[in-house]
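Visitor: A single structure is presented below for examination.
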Amino acid sequence: MSAPQIATDGAGNRRRIKTYSPEVDDLLGGGFNAGELVEIFGPPGIGKTSFCARICVLAQIQGSVPPESQALYVTDNSTSTVETLRTIATHAAKLEKRAPEIVENALDNIGVVSIQDAAPLLSLPLFLDRNYLPFHPQTKLIILDNYNSSFHVRDANGNNTLMSKIGRFLQQMSRTASSYEIPVLAVNSVREDVPSTPIFGDSFNHIFDRRIEFFFDSNGRRSARFHREAFSRAASIEYPLSVSQTCGNE
C-alpha cells in the first residue's frame with residue numbers, strides 16, 4: 001500500500017499546516033510539518049479544542065491546504081465538536097467576507113468521529129491504515145482530541161499493561177503520520193497533582209516529534225511552551241486567542 005504523495009508543495013518545500021496564531025507558527029517554523037506526531041497538552045479551559053478546531057476550519061477557509069483537502073477529527077464528544085467547528089466557521093466566514101456556503105463547504109471536508117472507550121481508540125491506527133486513509137487520499141490532518149479521556153486514568157497510571165497499550169497506540173499513530181505524510185495532533189490533559197505534566201506523565205515523550213504545552217501564566221494570560229524535541233528546553237510565548245474566543249475554550 002503506497003502513501004499519498006502530499007509531503008511537498010509545488011516548489012518542493014515540505015508542506016506545513018498553519019496554526020493561524022502568528023506567534024505559534026513562528027515558533028513552529030511555519031506550522032505543523034507533514035508526517036509528524038505532535039502532543040498538545042494543557043489544563044481544562046485553556047483552549048486546546050478551540051485551537052485544533054480553528055486549524056481545521058481556517059485551513060479550509062483561508063486556504064493553507066489544497067482545495068478539497070480533508071481533516072479527520074477524532075473526539076470524545078462529537079456534538080460539542082461539531083458545534084465548535086460551525087461557530088468558528090461562521091465567524092471566520094464573516095471576518096473573511098466570504099459567502100455563507102463556504103461554511104458548509106468547510107464543514108463537509110472535516111470528518112468528525114466520536115470514540116469514548118479504550119478498545120475502539122486502540123484499534124484506530126489499523127482502521128486508518130486499512131479502511132480510511134486509502135479511500136480518503138485528500139486527508140491532510142488528523143486530530144486526536146482529548147484522547148486520554150478514552151482511558152480510565154486511575155486504571156492507567158501504575159497499570160503497566162494498559163500503559164504499554166497506550167505506548168503502542170501512539171507509536172502506531174506516529175507510523176501512520178509518517179507513512180501518509182499527515183500531521184497528527186494528539187491532545188492531552190495535564191495531571192492535577194503535578195502541574196505542567198501530561199496526564200500519563202512523561203512516559204511517551206520519546207514518541208512525539210514535538211510538544212506544545214498551553215498554560216496560564218502568573219497574570220492569567222494564555223501562553224504556550226514549545227518543545228522542539230521531546231526532552232529539549234522549552235521556549236515560551238504568550239498565546240493570544242482570536243477566532244477561538246467566540247466559541248468557548250476546552
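Identifiers for the C-alpha cells are assigned positionally: chains receive A, B, ... in sequence, residues are indexed from 1 per chain, and ligands are indexed from 1 in the order shown.
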As a PDB file with C-alpha atoms, in the first residue's frame, please: the residues near segment 200-215 of chain A (cut-off 6 Å, only C-alpha atoms, same-chain neighbours under 5 positions excluded).

Guide:
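Ended up saving to result.pdb:
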ATOM      1  CA  GLU A  36       4.841  14.392  12.437  1.00  0.00           C
ATOM      2  CA  LEU A  37       3.073  13.378  15.642  1.00  0.00           C
ATOM      3  CA  VAL A  38       2.603  16.372  17.947  1.00  0.00           C
ATOM      4  CA  GLU A  39       1.385  16.372  21.531  1.00  0.00           C
ATOM      5  CA  ILE A  40      -0.721  19.329  22.662  1.00  0.00           C
ATOM      6  CA  PHE A  41      -1.441  19.392  26.376  1.00  0.00           C
ATOM      7  CA  GLY A  42      -2.775  21.773  28.991  1.00  0.00           C
ATOM      8  CA  ARG A 222      -2.905  32.052  27.921  1.00  0.00           C
ATOM      9  CA  SER A 223       0.619  31.116  26.960  1.00  0.00           C
ATOM     10  CA  ALA A 224       2.371  28.306  25.121  1.00  0.00           C
ATOM     11  CA  ARG A 225       5.597  26.416  25.706  1.00  0.00           C
ATOM     12  CA  PHE A 226       7.097  24.790  22.669  1.00  0.00           C
ATOM     13  CA  HIS A 227       9.376  21.745  22.890  1.00  0.00           C
ATOM     14  CA  ARG A 228      11.189  21.335  19.591  1.00  0.00           C
ATOM     15  CA  GLU A 229      12.258  17.853  20.659  1.00  0.00           C
ATOM     16  CA  ALA A 230      10.902  15.580  23.351  1.00  0.00           C
TER      17      ALA A 230
END

Visitor: Using only C-alpha atoms, which residues sit within 9 Å of segment 171-173 of chain A once same-chain residues fewer than 3 positions away are excluded, as a compact mmCIF listing (two decimals) with C-alpha atoms, in the first residue's frame?

Guide:
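around26.txt written:
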# COMPACT_ATOMS: atom_id res chain seq x y z
CA LEU A 37 3.07 13.38 15.64
CA LEU A 124 -7.92 3.31 15.30
CA PRO A 125 -4.47 3.02 13.64
CA LEU A 126 -5.45 -0.26 11.97
CA ILE A 166 -1.17 3.33 25.05
CA GLY A 167 2.51 3.47 24.08
CA ARG A 168 1.95 1.08 21.16
CA THR A 176 0.63 6.40 10.24
CA ALA A 177 1.57 10.08 10.29
CA SER A 178 4.93 9.32 8.71
CA VAL A 184 -1.34 14.10 13.67
CA ILE A 207 7.29 9.06 20.70
CA PHE A 208 6.24 12.62 19.89

Visitor: Name all residues at most 10 Å from Val103 of chain A (count only C-alpha atoms; drop same-chain ones fewer than 2 positions away) and give them as a ChimeraX atom specification.

Guide: /A:57,60-61,85-94,98-101,105-108

Visitor: As a PyMOL selection string, please: every residue in segment 21-65 of chain A that a backbone DSSP assignment puts in strand (DSSP E or B).

Guide: chain A and resi 32-33+37-41

Visitor: A:Glu104, A:Asp217, A:Asp117, A:Glu181: which is nearest Lys140 of chain A, counting only C-alpha atoms?

Guide: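 Counting only C-alpha atoms, the residue closest to Lys140 of chain A is A:Glu181.
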
Visitor: Kindly indicate which residue among A:Phe135, A:Phe169, A:Thr81, A:Leu95 lies nearest to Ser123 of chain A, using only C-alpha atoms for the distances.

Guide: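 Distance minimum relative to Ser123 of chain A lands on A:Phe169.
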
Visitor: Between A:Leu141, A:Leu121, A:Val190, A:Met163, single out the one closest to Arg16 of chain A, counting only C-alpha atoms.

Guide: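 Of all the options, A:Leu141 lies closest to Arg16 of chain A.
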
Visitor: Could you pull out the alpha helix (DSSP H) residues of segment 30-215 of chain A from DSSP and send them as a PyMOL selection string?

Guide: chain A and resi 48-61+78-95+101-108+118-122+124-127+153-156+160-180

Visitor: List as a list in words the protein and nucleic acid residues near Leu144 of chain A, meaning an atom at most 9 Å away when only C-alpha atoms are counted, but skip any in the same chain fewer than 5 places from it.

Guide: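 The contact residues come out as Leu72, Tyr73, Val74, Thr75, Val184, Leu185, Ala186, Val187 and Asn188 of chain A.
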
Visitor: Those same residues, written as a PDB file, in the first residue's frame with C-alpha atoms?

Guide:
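Result file is part-v6.pdb:
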ATOM      1  CA  LEU A  72     -10.329  13.848  10.387  1.00  0.00           C
ATOM      2  CA  TYR A  73     -11.316  14.973  13.867  1.00  0.00           C
ATOM      3  CA  VAL A  74     -11.483  12.188  16.479  1.00  0.00           C
ATOM      4  CA  THR A  75     -13.197  13.340  19.667  1.00  0.00           C
ATOM      5  CA  VAL A 184      -1.337  14.104  13.674  1.00  0.00           C
ATOM      6  CA  LEU A 185      -2.150  16.309  16.674  1.00  0.00           C
ATOM      7  CA  ALA A 186      -2.741  14.356  19.896  1.00  0.00           C
ATOM      8  CA  VAL A 187      -4.492  16.490  22.526  1.00  0.00           C
ATOM      9  CA  ASN A 188      -3.930  15.524  26.144  1.00  0.00           C
TER      10      ASN A 188
END

Visitor: Quote the spacing between atom CA of Asn219 of chain A and atom CA of Pro44 of chain A in Å to one decimal place.

Guide: 17.2 Å

Visitor: Go through A:Val82, A:Ile182, A:Leu133, A:Ile143 and flag the residue nearest Lys48 of chain A, using only C-alpha atoms for the distances.

Guide: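 Among A:Val82, A:Ile182, A:Leu133, A:Ile143, it is A:Ile143 that comes nearest to Lys48 of chain A.
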
Visitor: Between atom CA of Ser164 of chain A and atom CA of Arg191 of chain A, measure the distance and give it in Å to one decimal.

Guide: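 These two atoms are separated by 18.9 Å.
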
Visitor: One number please: atom CA of Asn109 of chain A to atom CA of Arg175 of chain A, in Å, one decimal.

Guide: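 Going from atom CA of Asn109 of chain A over to atom CA of Arg175 of chain A, I get 23.6 Å.
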